[in-house]
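Asker: Mind looking over this structure? Questions follow.
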Amino acid sequence: QVQLVESGGGLVQPGGSLRVSCAASGSIFTYAMGWYRRAPGKQRELVADVSSAYTTAYAGSVKGRFTISRDNAKNTVYLQMNSLKPEDTAVYYCNAHHGEDVYWGQGTQVTVSS
């Protein structure tokens, strides 16, 4: 079983940048890793995903602004968020999945506001 702990959330002004991290309790080598978010009153949505082969995918709303990366040696996945907008405000969740194994972190709040 893999435990995921997110960190790095906070309050940032529109146009600013923030990097959130997700540290896993064990090896993520075989896992695809993803970041999801849930905004107030909305369903959770996929933000970005990186496969075990380092292939990335992004939601259209964040493409060109967000970058997902992984460091298998540190069992950590990152989400670099640039040019943040108020509509990016949400709880961001880390996800690890491999076959039927799916794990979630507890989430970290990101608030974009002036």
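As shown in the structure tokens, the chain order sets the letters A, B, ...; within each chain, residues go from 1, and ligands are also counted from 1 in the order they appear.
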Give me, as a list in words, all polymer residues having an atom no more than 6 Å from A:Gly9, counting only C-alpha atoms and skipping those fewer than 5 positions away in the same chain.
Answerer: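 Those residues are Val20, Thr108, Gln109 and Val110 of chain A.
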Asker: Please produce a file of the residues just selected, as a PDB file, in the first residue's frame, where the atoms kept are all heavy atoms.
Answerer:
```
ATOM      1  N   VAL A  20       3.278  22.445  -5.967  1.00  0.00           N
ATOM      2  CA  VAL A  20       2.828  21.479  -4.980  1.00  0.00           C
ATOM      3  C   VAL A  20       3.571  20.170  -5.187  1.00  0.00           C
ATOM      4  O   VAL A  20       3.961  19.829  -6.307  1.00  0.00           O
ATOM      5  CB  VAL A  20       1.299  21.270  -5.032  1.00  0.00           C
ATOM      6  CG1 VAL A  20       0.576  22.520  -4.540  1.00  0.00           C
ATOM      7  CG2 VAL A  20       0.834  20.894  -6.427  1.00  0.00           C
ATOM      8  N   THR A 108      -4.333  19.247  -0.804  1.00  0.00           N
ATOM      9  CA  THR A 108      -3.755  20.501  -0.338  1.00  0.00           C
ATOM     10  C   THR A 108      -4.501  21.652  -1.008  1.00  0.00           C
ATOM     11  O   THR A 108      -4.786  21.612  -2.199  1.00  0.00           O
ATOM     12  CB  THR A 108      -2.244  20.567  -0.626  1.00  0.00           C
ATOM     13  OG1 THR A 108      -1.691  21.748  -0.042  1.00  0.00           O
ATOM     14  CG2 THR A 108      -1.932  20.552  -2.115  1.00  0.00           C
ATOM     15  N   GLN A 109      -4.831  22.665  -0.215  1.00  0.00           N
ATOM     16  CA  GLN A 109      -5.641  23.771  -0.714  1.00  0.00           C
ATOM     17  C   GLN A 109      -4.779  24.766  -1.471  1.00  0.00           C
ATOM     18  O   GLN A 109      -3.732  25.208  -0.969  1.00  0.00           O
ATOM     19  CB  GLN A 109      -6.338  24.482   0.440  1.00  0.00           C
ATOM     20  CG  GLN A 109      -7.131  25.719   0.040  1.00  0.00           C
ATOM     21  CD  GLN A 109      -8.388  25.376  -0.741  1.00  0.00           C
ATOM     22  OE1 GLN A 109      -9.144  24.486  -0.345  1.00  0.00           O
ATOM     23  NE2 GLN A 109      -8.626  26.092  -1.844  1.00  0.00           N
ATOM     24  N   VAL A 110      -5.224  25.128  -2.659  1.00  0.00           N
ATOM     25  CA  VAL A 110      -4.606  26.197  -3.438  1.00  0.00           C
ATOM     26  C   VAL A 110      -5.665  27.275  -3.655  1.00  0.00           C
ATOM     27  O   VAL A 110      -6.741  26.989  -4.190  1.00  0.00           O
ATOM     28  CB  VAL A 110      -4.074  25.686  -4.793  1.00  0.00           C
ATOM     29  CG1 VAL A 110      -3.606  26.858  -5.660  1.00  0.00           C
ATOM     30  CG2 VAL A 110      -2.947  24.693  -4.585  1.00  0.00           C
TER      31      VAL A 110
END
```
Asker: Skip A:Ser52 itself and residues of its chain fewer than 2 positions away, then list as a list in words all residues within 6 Å of it, counting only C-alpha atoms.
Answerer: Thr30, Tyr31, Ala32 and Tyr54 of chain A
Asker: Compile the contact shell of stretch 36-47 of chain A as a list in words: residues with an atom at most 10 Å away, counting only C-alpha atoms, same-chain residues fewer than 4 positions apart removed.
Answerer: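 Near neighbours after the sequence-gap exclusion: Ala57, Tyr58, Ala59, Gly60, Ser61, Val62, Lys63, Phe66, Thr67, Ile68, Leu79, Glu87, Asp88, Thr89, Ala90, Val91, Tyr92, Tyr93, Cys94, Asn95, Trp104, Gly107, Thr108, Gln109, Val110 and Thr111 of chain A.
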Asker: Determine which residues of chain A DSSP labels as strand (DSSP E) from the backbone of this structure, then write them out as a PyMOL selection string.
Answerer: chain A and resi 4-7+10-12+18-24+32-38+45-50+56-58+66-71+76-81+90-98+101-104+108-112
Asker: Which residue gives the smallest distance to A:Lys85 among A:Arg70, A:Trp35, A:Gly16, A:Gly64, with only C-alpha atoms counted?
Answerer: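 Among the listed residues, the smallest separation from A:Lys85 belongs to A:Gly16.
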Asker: Report, in Å with one decimal, the straight-line distance from atom CA of A:Asn82 to atom CA of A:Val5.
Answerer: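 Taking atom CA of A:Asn82 and atom CA of A:Val5, their separation equals 21.7 Å.
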Asker: I need the residue nearest A:Gln1 from this list: A:Ala24, A:Ala73, A:Ala48, A:Val112. Use only C-alpha atoms for the distance.
Answerer: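 Among the listed residues, A:Ala24 lies closest to A:Gln1.
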Asker: Can you measure atom CA of A:Ala96 to atom CA of A:Ser7 for me? One decimal in Å is fine.
Answerer: 15.7 Å
Asker: Excluding same-chain residues fewer than 6 positions from A:Ser25, what lies within 10 Å of it counting only C-alpha atoms, as a ChimeraX atom specification?
Answerer: /A:1-5,74-76
Asker: Keeping only C-alpha atoms, take the residues you just selected and write them out as a JSON list (two decimals), in the first residue's frame.
Answerer:
```
[["chain", "number", "residue", "atom", "x", "y", "z"],
["A", 1, "GLN", "CA", 0.00, 0.00, 0.00],
["A", 2, "VAL", "CA", 1.21, 3.50, -0.83],
["A", 3, "GLN", "CA", 0.52, 6.56, 1.28],
["A", 4, "LEU", "CA", 0.59, 9.93, -0.43],
["A", 5, "VAL", "CA", 1.16, 13.26, 1.30],
["A", 74, "LYS", "CA", 12.68, 10.62, -4.19],
["A", 75, "ASN", "CA", 9.30, 8.93, -4.65],
["A", 76, "THR", "CA", 7.86, 12.36, -5.30]]
```
